[in-house]
Amino acid sequence: MLDVTTLTQALITRPSVTPADAGAMDTVETILTDLGFTCTRLAFGEIENLYARRGTASPNLCFAGHTDVVPVGVRTLWKYDPFGAEIHDGQVIGRGAVDMKGAIAAWIAAVSRFPDQAGSLSFLITGDEEGVATDGTVRVVDWLKQTGEVIDHCIVGEPSSSTQLGDMIKVGRRGSINATFTVTGKQGHVAYPQRALNPLPVLVDLLAELKARTLDDGYASFPPSNLEITTIDTGNTATNVIPQAARARVNIRFNPTHTGVALSQWFDTVARDMAERSGAAIEVQSSISGEAFLTEAGPFVDLIADVIQTQFGLDTDRSTTGGTSDARFIRNLCPVVEFGLVGQTMHQINECVAVADLDALTDAYSALIEAYFSKFGSAS
Ligand SMILES: [Zn+2]
C-alpha cells in the first residue's frame, strides 16, 4: 500500500509547469508499472501523456487527471518553496497540491489497496490541461477511439469540492463561444453623412438584435444561457469624423440546449441579414472554447453521491458551475464526473492541501472503486 502524502510530495517536487514535464510523468509511470499496469506513453508535440490499464475485462473505470501545473506567480510571496512540498501545520504546500497532484496521488494510493479488480482500472494522465490543451486529453481521446480502447466510466480528479471535501461534484459544464463582429462602412465628414456610411449604428442594431433573443429558460441543473457583450471599439479620436470600421466582441456561456456550431451559424445569419439591410460589410469570427455537456442522473452519479454520503455524511451538490476542464473531451467516450479535493487555493500563492484531506480522499476513492466493481463489475 502506498502512502498518499509521500506520493503527493514526490509529484510536487517535479516542477511541471505547462508544457514542462520535469519527470512528473516518469514518476507516475514507474509507480503504475509496479502496481501491474500496462503503460503507454503518448507524446504529442512537446507534451507528455500517459494511458495505463490493469486488467482486460470490462467494465473499465478510468481516472483522468493532469500532472502539469500553472506557474508559481510572484515567487517571493510564497512562504515556502513552491516545489519543496514541505509540510507545515498539517498542510502539504506547493504548486499542484490541490490542482491536482494530490488527487492523482490519492487515486494511485487507493488503487494500491487492491491486488486486482472485477474488470479494469485505467489512468488517462495528461501534461497539457492548464495550457492550450491541444496536445493533451483531446489527442489521447482520439487515440483511444482509433485503437478501439473502451472506457466505461470516468472520474476526473479536478478540485471539485467547494469548502469541504465531498460537498460538491461536477456533473457537467456550460459551453463557451466567443465571437468578434467587424462592421466596415465608409469614413467621412460628420457634416456630410450622405457621403459616408457610419458602421456604429449598424453595430449597435446588430448587438441589440443578438441581445434581444432569449436563448433558453435553462436546462436540467443549468442556468439559462447568456450572451454578454464584452467590448465595443472603434478607436476614433476625432469629433468630426465618421469612422471607417467598428468592432465588438461577445461571449455566450451556454447550456446543452445549444451547440457551439449552431450558435456560430446564428451569428453568421444575423450578420448577413444586417449587412444586407444596412449596406455595410460585416465580418464574423467565432471560436468555440468548449461544448456544454451533462452527465445525466443515473447509476454512476448516484454511486459517487452514495459513497460521499457514507464517507463524509454529506449530501453532495451535483453542480455544473465553474470553468472548463478536460471532462469536456472525455464526455464523448462515456459518463464522466469530476470529484476531487477542495479547490480554495488552486492557482494561488501558497497552494496547499491538508494531509487529513489526502487521507480522506484516498479512503473515499478506495470505497468508490470497491462500490463500482460490486455494482458494475463482471461476475468473474
Ligand atoms: Zn486542474
# chains A, B, ... in the order shown; residues from 1 in each chain; ligands from 1

$ residues_near_ligand --ligand "ligand 1" --cutoff "10 Å" --atoms "only C-alpha atoms and all ligand atoms" --output "ChimeraX atom specification"
/A:65-70,96,98-101,103,128-130,156-160,324-326,340,343,346-347

$ closest_atom_pairs --of "segment 224-288 of chain A" --to "segment 164-180 of chain A" --cutoff "10 Å" --atoms "only C-alpha atoms" --output "JSON lines"
{"residue": "A:Ser225", "atom": "CA", "partner": "A:Arg174", "partner_atom": "CA", "distance": 8.4}
{"residue": "A:Asn226", "atom": "CA", "partner": "A:Ser176", "partner_atom": "CA", "distance": 9.9}
{"residue": "A:Leu227", "atom": "CA", "partner": "A:Ile177", "partner_atom": "CA", "distance": 9.5}
{"residue": "A:Glu228", "atom": "CA", "partner": "A:Asn178", "partner_atom": "CA", "distance": 9.7}
{"residue": "A:Ile229", "atom": "CA", "partner": "A:Ala179", "partner_atom": "CA", "distance": 9.7}
{"residue": "A:Thr230", "atom": "CA", "partner": "A:Asn178", "partner_atom": "CA", "distance": 9.6}
{"residue": "A:Thr231", "atom": "CA", "partner": "A:Thr180", "partner_atom": "CA", "distance": 9.3}
{"residue": "A:Ile232", "atom": "CA", "partner": "A:Thr180", "partner_atom": "CA", "distance": 9.7}
{"residue": "A:Arg247", "atom": "CA", "partner": "A:Thr180", "partner_atom": "CA", "distance": 6.9}
{"residue": "A:Ala248", "atom": "CA", "partner": "A:Thr180", "partner_atom": "CA", "distance": 5.7}
{"residue": "A:Arg249", "atom": "CA", "partner": "A:Thr180", "partner_atom": "CA", "distance": 4.4}
{"residue": "A:Val250", "atom": "CA", "partner": "A:Ala179", "partner_atom": "CA", "distance": 5.5}
{"residue": "A:Asn251", "atom": "CA", "partner": "A:Asn178", "partner_atom": "CA", "distance": 4.5}
{"residue": "A:Ile252", "atom": "CA", "partner": "A:Ile177", "partner_atom": "CA", "distance": 5.4}
{"residue": "A:Arg253", "atom": "CA", "partner": "A:Ser176", "partner_atom": "CA", "distance": 4.7}
{"residue": "A:Phe254", "atom": "CA", "partner": "A:Gly175", "partner_atom": "CA", "distance": 5.0}
{"residue": "A:Asn255", "atom": "CA", "partner": "A:Arg174", "partner_atom": "CA", "distance": 5.0}
{"residue": "A:Pro256", "atom": "CA", "partner": "A:Arg174", "partner_atom": "CA", "distance": 7.3}
{"residue": "A:His258", "atom": "CA", "partner": "A:Gly175", "partner_atom": "CA", "distance": 8.5}
{"residue": "A:Thr259", "atom": "CA", "partner": "A:Gly175", "partner_atom": "CA", "distance": 7.9}
{"residue": "A:Gly260", "atom": "CA", "partner": "A:Ile177", "partner_atom": "CA", "distance": 6.3}
{"residue": "A:Val261", "atom": "CA", "partner": "A:Ile177", "partner_atom": "CA", "distance": 9.2}
{"residue": "A:Leu263", "atom": "CA", "partner": "A:Ile177", "partner_atom": "CA", "distance": 8.0}
{"residue": "A:Ser264", "atom": "CA", "partner": "A:Ala179", "partner_atom": "CA", "distance": 8.0}
{"residue": "A:Phe267", "atom": "CA", "partner": "A:Ala179", "partner_atom": "CA", "distance": 8.0}
{"residue": "A:Glu283", "atom": "CA", "partner": "A:Thr180", "partner_atom": "CA", "distance": 8.0}
{"residue": "A:Val284", "atom": "CA", "partner": "A:Thr180", "partner_atom": "CA", "distance": 5.7}
{"residue": "A:Gln285", "atom": "CA", "partner": "A:Thr180", "partner_atom": "CA", "distance": 5.2}
{"residue": "A:Ser286", "atom": "CA", "partner": "A:Ala179", "partner_atom": "CA", "distance": 4.2}
{"residue": "A:Ser287", "atom": "CA", "partner": "A:Asn178", "partner_atom": "CA", "distance": 5.4}
{"residue": "A:Ile288", "atom": "CA", "partner": "A:Ile177", "partner_atom": "CA", "distance": 4.3}

$ write_last_selection --atoms "C-alpha atoms" --output "mmCIF file, in the first residue's frame"
data_model
loop_
_atom_site.group_PDB
_atom_site.id
_atom_site.type_symbol
_atom_site.label_atom_id
_atom_site.label_comp_id
_atom_site.auth_asym_id
_atom_site.auth_seq_id
_atom_site.Cartn_x
_atom_site.Cartn_y
_atom_site.Cartn_z
ATOM 1 C CA SER A 225 -27.668 30.525 -21.451
ATOM 2 C CA ASN A 226 -26.352 34.063 -21.502
ATOM 3 C CA LEU A 227 -24.795 36.389 -24.059
ATOM 4 C CA GLU A 228 -22.519 39.174 -22.831
ATOM 5 C CA ILE A 229 -21.107 41.997 -24.925
ATOM 6 C CA THR A 230 -17.503 42.215 -23.742
ATOM 7 C CA THR A 231 -16.168 45.139 -25.785
ATOM 8 C CA ILE A 232 -17.184 47.724 -28.418
ATOM 9 C CA ARG A 247 -15.749 46.098 -33.797
ATOM 10 C CA ALA A 248 -17.491 44.318 -30.944
ATOM 11 C CA ARG A 249 -16.921 41.068 -29.111
ATOM 12 C CA VAL A 250 -19.467 38.851 -27.402
ATOM 13 C CA ASN A 251 -19.267 35.697 -25.306
ATOM 14 C CA ILE A 252 -22.011 33.153 -24.716
ATOM 15 C CA ARG A 253 -21.953 30.670 -21.834
ATOM 16 C CA PHE A 254 -24.454 28.075 -22.929
ATOM 17 C CA ASN A 255 -26.189 25.012 -21.537
ATOM 18 C CA PRO A 256 -26.809 21.761 -23.505
ATOM 19 C CA HIS A 258 -27.271 24.689 -27.732
ATOM 20 C CA THR A 259 -24.160 23.651 -29.592
ATOM 21 C CA GLY A 260 -21.280 25.971 -30.367
ATOM 22 C CA VAL A 261 -21.688 25.224 -34.074
ATOM 23 C CA LEU A 263 -24.628 29.451 -32.195
ATOM 24 C CA SER A 264 -21.832 30.259 -34.622
ATOM 25 C CA PHE A 267 -24.072 34.780 -35.537
ATOM 26 C CA GLU A 283 -17.270 40.007 -40.814
ATOM 27 C CA VAL A 284 -17.759 37.440 -38.030
ATOM 28 C CA GLN A 285 -15.025 35.408 -36.385
ATOM 29 C CA SER A 286 -16.282 32.778 -33.949
ATOM 30 C CA SER A 287 -14.289 30.418 -31.779
ATOM 31 C CA ILE A 288 -15.809 27.658 -29.675
#

$ closest_residue --among "A:Ser112, A:Thr362, A:Thr40, A:Ser278" --to "Thr184 of chain A" --atoms "only C-alpha atoms"
A:Ser278

$ closest_residue --among "A:Leu215, A:Leu61, A:Leu303, A:Ile104" --to "Ser120 of chain A" --atoms "only C-alpha atoms"
A:Leu61

$ closest_residue --among "A:Ile304, A:Ala292, A:Leu341, A:Ala297" --to "Ser366 of chain A" --atoms "only C-alpha atoms"
A:Ile304

$ atom_distance --atom1 "atom CA of Val342 of chain A" --atom2 "atom CA of Ser161 of chain A"
4.3 Å

$ select_by_dssp --residues "segment 21-58 of chain A" --states "strand (DSSP E)" --output "mmCIF file with N, CA and C atoms, in the first residue's frame"
data_model
loop_
_atom_site.group_PDB
_atom_site.id
_atom_site.type_symbol
_atom_site.label_atom_id
_atom_site.label_comp_id
_atom_site.auth_asym_id
_atom_site.auth_seq_id
_atom_site.Cartn_x
_atom_site.Cartn_y
_atom_site.Cartn_z
ATOM 1 N N THR A 38 -0.236 -1.746 -17.474
ATOM 2 C CA THR A 38 0.459 -1.652 -18.759
ATOM 3 C C THR A 38 0.391 -0.189 -19.186
ATOM 4 N N CYS A 39 1.558 0.432 -19.286
ATOM 5 C CA CYS A 39 1.603 1.876 -19.542
ATOM 6 C C CYS A 39 1.940 2.175 -20.993
ATOM 7 N N THR A 40 1.218 3.099 -21.585
ATOM 8 C CA THR A 40 1.526 3.573 -22.935
ATOM 9 C C THR A 40 1.774 5.066 -22.859
ATOM 10 N N ARG A 41 3.008 5.456 -23.181
ATOM 11 C CA ARG A 41 3.311 6.890 -23.195
ATOM 12 C C ARG A 41 2.919 7.445 -24.548
ATOM 13 N N LEU A 42 2.234 8.580 -24.542
ATOM 14 C CA LEU A 42 1.770 9.216 -25.766
ATOM 15 C C LEU A 42 2.295 10.646 -25.780
ATOM 16 N N ALA A 43 3.348 10.866 -26.576
ATOM 17 C CA ALA A 43 3.904 12.213 -26.673
ATOM 18 C C ALA A 43 3.327 12.884 -27.917
ATOM 19 N N PHE A 44 2.675 14.015 -27.731
ATOM 20 C CA PHE A 44 2.157 14.796 -28.857
ATOM 21 C C PHE A 44 2.776 16.184 -28.758
ATOM 22 N N ILE A 47 4.271 17.676 -25.499
ATOM 23 C CA ILE A 47 3.503 17.271 -24.325
ATOM 24 C C ILE A 47 3.610 15.767 -24.052
ATOM 25 N N GLU A 48 3.802 15.424 -22.782
ATOM 26 C CA GLU A 48 3.810 14.039 -22.337
ATOM 27 C C GLU A 48 2.409 13.643 -21.876
ATOM 28 N N ASN A 49 1.929 12.496 -22.362
ATOM 29 C CA ASN A 49 0.656 11.946 -21.895
ATOM 30 C C ASN A 49 0.877 10.477 -21.567
ATOM 31 N N LEU A 50 -0.041 9.915 -20.793
ATOM 32 C CA LEU A 50 0.081 8.523 -20.387
ATOM 33 C C LEU A 50 -1.296 7.872 -20.313
ATOM 34 N N TYR A 51 -1.405 6.682 -20.937
ATOM 35 C CA TYR A 51 -2.594 5.871 -20.716
ATOM 36 C C TYR A 51 -2.111 4.565 -20.097
ATOM 37 N N ALA A 52 -2.725 4.167 -19.003
ATOM 38 C CA ALA A 52 -2.295 2.948 -18.314
ATOM 39 C C ALA A 52 -3.518 2.126 -17.964
ATOM 40 N N ARG A 53 -3.404 0.800 -18.092
ATOM 41 C CA ARG A 53 -4.563 -0.048 -17.799
ATOM 42 C C ARG A 53 -4.115 -1.310 -17.069
ATOM 43 N N ARG A 54 -4.933 -1.730 -16.121
ATOM 44 C CA ARG A 54 -4.703 -3.010 -15.453
ATOM 45 C C ARG A 54 -5.976 -3.841 -15.616
#

$ closest_residue --among "A:Ala110, A:Ile93, A:Ala105, A:Ala133" --to "Pro19 of chain A" --atoms "only C-alpha atoms"
A:Ala133

$ select_by_dssp --residues "segment 146-356 of chain A" --states "helix (DSSP H, G or I)" --output "number ranges by chain"
A: 146, 193-195, 199-212, 260-278, 299-312, 327-330, 355-356

$ atom_distance --atom1 "atom CA of Arg139 of chain A" --atom2 "atom CA of Val336 of chain A"
17.3 Å

$ closest_residue --among "A:Ala57, A:Asp359, A:Gln265, A:Ala109" --to "Ile31 of chain A" --atoms "only C-alpha atoms"
A:Ala109

$ atom_distance --atom1 "atom CA of Pro193 of chain A" --atom2 "atom CA of Leu207 of chain A"
22.2 Å

$ closest_residue --among "A:Ala191, A:Val74, A:Leu2, A:Ala106" --to "Ala360 of chain A" --atoms "only C-alpha atoms"
A:Ala106

$ residues_around --residues "Val241 of chain A" --least-positions-apart "2" --cutoff "7 Å" --atoms "only C-alpha atoms" --output "list in words"
Gly188, His189, Val190, Ala238, Thr239 and Pro243 of chain A

$ residues_around --residues "Ala245 of chain A" --least-positions-apart "5" --cutoff "10 Å" --atoms "only C-alpha atoms" --output "mmCIF file with N, CA and C atoms, in the first residue's frame"
data_model
loop_
_atom_site.group_PDB
_atom_site.id
_atom_site.type_symbol
_atom_site.label_atom_id
_atom_site.label_comp_id
_atom_site.auth_asym_id
_atom_site.auth_seq_id
_atom_site.Cartn_x
_atom_site.Cartn_y
_atom_site.Cartn_z
ATOM 1 N N THR A 182 -16.959 42.581 -36.972
ATOM 2 C CA THR A 182 -16.334 43.787 -37.512
ATOM 3 C C THR A 182 -17.238 44.356 -38.608
ATOM 4 N N VAL A 183 -17.717 45.578 -38.363
ATOM 5 C CA VAL A 183 -18.585 46.245 -39.338
ATOM 6 C C VAL A 183 -17.753 47.297 -40.066
ATOM 7 N N THR A 184 -17.718 47.218 -41.383
ATOM 8 C CA THR A 184 -16.968 48.187 -42.170
ATOM 9 C C THR A 184 -17.940 49.017 -43.012
ATOM 10 N N GLY A 185 -17.900 50.345 -42.796
ATOM 11 C CA GLY A 185 -18.755 51.251 -43.564
ATOM 12 C C GLY A 185 -17.902 52.088 -44.494
ATOM 13 N N LYS A 186 -18.139 53.399 -44.467
ATOM 14 C CA LYS A 186 -17.325 54.301 -45.275
ATOM 15 C C LYS A 186 -17.035 55.542 -44.450
ATOM 16 N N GLN A 187 -15.743 55.858 -44.295
ATOM 17 C CA GLN A 187 -15.339 57.009 -43.489
ATOM 18 C C GLN A 187 -15.762 58.312 -44.159
ATOM 19 N N LEU A 197 -20.819 56.099 -44.668
ATOM 20 C CA LEU A 197 -21.688 55.048 -44.104
ATOM 21 C C LEU A 197 -21.143 54.737 -42.712
ATOM 22 N N ASN A 198 -21.879 55.188 -41.706
ATOM 23 C CA ASN A 198 -21.394 55.046 -40.331
ATOM 24 C C ASN A 198 -21.596 53.602 -39.845
ATOM 25 N N PRO A 199 -20.516 52.896 -39.495
ATOM 26 C CA PRO A 199 -20.647 51.496 -39.057
ATOM 27 C C PRO A 199 -21.223 51.366 -37.641
ATOM 28 N N LEU A 200 -21.185 52.465 -36.859
ATOM 29 C CA LEU A 200 -21.574 52.340 -35.447
ATOM 30 C C LEU A 200 -23.058 52.051 -35.230
ATOM 31 N N LEU A 203 -23.618 48.469 -35.994
ATOM 32 C CA LEU A 203 -23.109 47.588 -34.940
ATOM 33 C C LEU A 203 -24.054 47.590 -33.732
ATOM 34 N N ASP A 233 -15.446 48.660 -29.839
ATOM 35 C CA ASP A 233 -14.312 49.541 -30.139
ATOM 36 C C ASP A 233 -14.418 50.141 -31.538
ATOM 37 N N THR A 234 -14.031 51.411 -31.618
ATOM 38 C CA THR A 234 -13.830 51.985 -32.946
ATOM 39 C C THR A 234 -12.522 52.750 -33.009
ATOM 40 N N GLY A 235 -12.002 53.155 -31.854
ATOM 41 C CA GLY A 235 -10.697 53.828 -31.814
ATOM 42 C C GLY A 235 -10.704 55.197 -32.457
ATOM 43 N N ASN A 236 -11.876 55.812 -32.547
ATOM 44 C CA ASN A 236 -11.981 57.117 -33.194
ATOM 45 C C ASN A 236 -11.566 58.231 -32.242
ATOM 46 N N ALA A 280 -23.537 47.850 -45.104
ATOM 47 C CA ALA A 280 -22.174 47.750 -44.567
ATOM 48 C C ALA A 280 -21.668 46.315 -44.728
ATOM 49 N N ALA A 281 -20.355 46.165 -44.703
ATOM 50 C CA ALA A 281 -19.789 44.811 -44.732
ATOM 51 C C ALA A 281 -19.616 44.344 -43.290
ATOM 52 N N ILE A 282 -20.005 43.114 -43.009
ATOM 53 C CA ILE A 282 -19.871 42.606 -41.635
ATOM 54 C C ILE A 282 -19.147 41.266 -41.657
#
